[in-house]
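Presented below is the structure to which this report refers.
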Amino acid sequence: MRLALDAARAAADAGEVPVGAALLQHGRVLAVAGNAPRTLSDPTAHAEMRVIRAAAAALGRERLEDCDLWVTLEPCAMCAGAIAHARIARVYYAASDPKGGAVEHGPRFFAQPTCHHRPEVYSGIGEREGAALLRDFFAGRR
């Protein structure tokens, strides 16, 4: 989670919402990225999407079934869909997102009968630090 939190801080420094992600395969880091929709002029450039793309390219395959995703915020519906399509084995996230999250909140994507792959999900790891990054970022904007 430390890598994801560091990526979230870097995203905040770049003026992006501070969310970071890391994708690992058997403990080996494949990709680390922060949110970059504004920087890249790409609404899909969430941290999760960026690490999934980078890891798939590094491995030369679209299935990441032997990989773990670490992210500082509960994934949204778009990212949850990408996680399912990539068949990521486990998702670890820090802070819950009652407004935009899609794992424990909102559509509860992985619990839907139409979801073809359900990763193991672990929440609350680094929650205090992940939530503080977001709170501080948005407090500075108001």
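To be explicit about the labels: the chains of the structure tokens are called A, B, and onward in the order shown, and within each one the residues are counted from 1, while ligands get numbers from 1 in the order they are shown.
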
* To do: From a DSSP pass on the backbone, collect the residues of chain A flagged as strand (DSSP E) and hand them back as number ranges by chain.
  => A: 20-25, 28-34, 67-73, 90-95, 120-123

* Asked: Which residues come within 7 Å of A:Cys76, counting only C-alpha atoms, excluding same-chain residues fewer than 3 positions away, as a PyMOL selection string?
  -> chain A and resi 79-80+100-102

* To do: Quick one: everything within 10 Å of A:Gly130, counting only C-alpha atoms, minus sequence neighbours fewer than 3 positions away in the same chain. Send it as a list in words.
  =>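 Those residues are Met1, Ala4, Leu5, Ala8, Arg9, Pro18, Val19, Gly20, Val71, Thr72, Leu73, Tyr93, Ala94, Ala95, Ser96, Gly124, Ile125, Gly126, Glu127, Leu133, Leu134 and Arg135 of chain A.
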
Keeping only C-alpha atoms, write the selected residues as a PDB file, in the first residue's frame.
```pdb
ATOM      1  CA  MET A   1       0.000   0.000   0.000  1.00  0.00           C
ATOM      2  CA  ALA A   4      -0.004   3.344  -3.878  1.00  0.00           C
ATOM      3  CA  LEU A   5       0.017   6.034  -1.192  1.00  0.00           C
ATOM      4  CA  ALA A   8      -1.485   9.289  -4.591  1.00  0.00           C
ATOM      5  CA  ARG A   9       0.733  12.001  -3.101  1.00  0.00           C
ATOM      6  CA  PRO A  18      -4.945  11.882  -4.817  1.00  0.00           C
ATOM      7  CA  VAL A  19      -5.596   8.263  -5.679  1.00  0.00           C
ATOM      8  CA  GLY A  20      -2.746   5.868  -6.294  1.00  0.00           C
ATOM      9  CA  VAL A  71      -5.366   1.142  -4.372  1.00  0.00           C
ATOM     10  CA  THR A  72      -5.870   4.026  -1.966  1.00  0.00           C
ATOM     11  CA  LEU A  73      -9.611   4.465  -2.619  1.00  0.00           C
ATOM     12  CA  TYR A  93      -8.018  -0.736  -0.889  1.00  0.00           C
ATOM     13  CA  ALA A  94      -7.506   1.862   1.791  1.00  0.00           C
ATOM     14  CA  ALA A  95     -10.433   4.288   2.062  1.00  0.00           C
ATOM     15  CA  SER A  96     -14.080   3.573   1.353  1.00  0.00           C
ATOM     16  CA  GLY A 124      -9.270  -0.598   5.259  1.00  0.00           C
ATOM     17  CA  ILE A 125      -5.543  -1.189   4.710  1.00  0.00           C
ATOM     18  CA  GLY A 126      -3.954   2.244   5.126  1.00  0.00           C
ATOM     19  CA  GLU A 127      -7.424   3.743   5.439  1.00  0.00           C
ATOM     20  CA  LEU A 133      -4.855  12.576   1.603  1.00  0.00           C
ATOM     21  CA  LEU A 134      -8.290  13.026   0.064  1.00  0.00           C
ATOM     22  CA  ARG A 135      -9.633  15.219   2.887  1.00  0.00           C
TER      23      ARG A 135
END
```

* **A:Met49 surroundings by only C-alpha atoms, 12 Å radius, close-in-sequence under 6 positions cut, as an MDAnalysis selection string** => chainID A and resid 19:23 31:37 42:43 55:56 69 71 75:86

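Of the listed residues (A:Leu30, A:Glu104, A:Tyr92, A:Val121), A:Leu30 comes nearest to A:Ala57; the distances count only C-alpha atoms.
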
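With only C-alpha atoms as the atoms that count, the minimum distance from A:Ala45 to the choices A:Ala89, A:Val17, A:Ala139, A:Cys115 is reached by A:Val17.
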
* Would you mind telling me which residue in A:Arg2, A:Arg87, A:Arg38, A:His116 lies nearest to A:Glu65 when using only C-alpha atoms? =>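 For A:Glu65, the nearest of the given residues is A:Arg87.
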
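Atom CA of A:Asp66 is positioned 10.2 Å from atom CA of A:Gly27.
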
* Hey, what does DSSP flag as helix (DSSP H, G or I) within stretch 57-102 of chain A? Can you give it to me as a PyMOL selection string? -> chain A and resi 57-59+77-86

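Here atom CA of A:Leu64 stands at a distance of 8.3 Å from atom CA of A:Gln25.
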
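Minimum distance to A:Arg108 across A:Asp6, A:Glu48, A:Ala54, A:Glu74 (counting only C-alpha atoms) occurs at A:Glu74.
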
* Asked: Could you state the separation of atom CA of A:Val91 and atom CA of A:Pro119 in Å, given to one decimal place?
  ->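 So the answer is 6.5 Å.
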
* Residue nearest A:Val29 among A:Trp70, A:Tyr122, A:Phe138, A:Phe109 (counting only C-alpha atoms) ->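 Nearest candidate to A:Val29 out of A:Trp70, A:Tyr122, A:Phe138, A:Phe109: A:Trp70.
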
* Structure fact -> Using only C-alpha atoms, the best pick from A:Ala132, A:Ala111, A:Ile88, A:Ala7 as closest to A:Glu62 would be A:Ile88
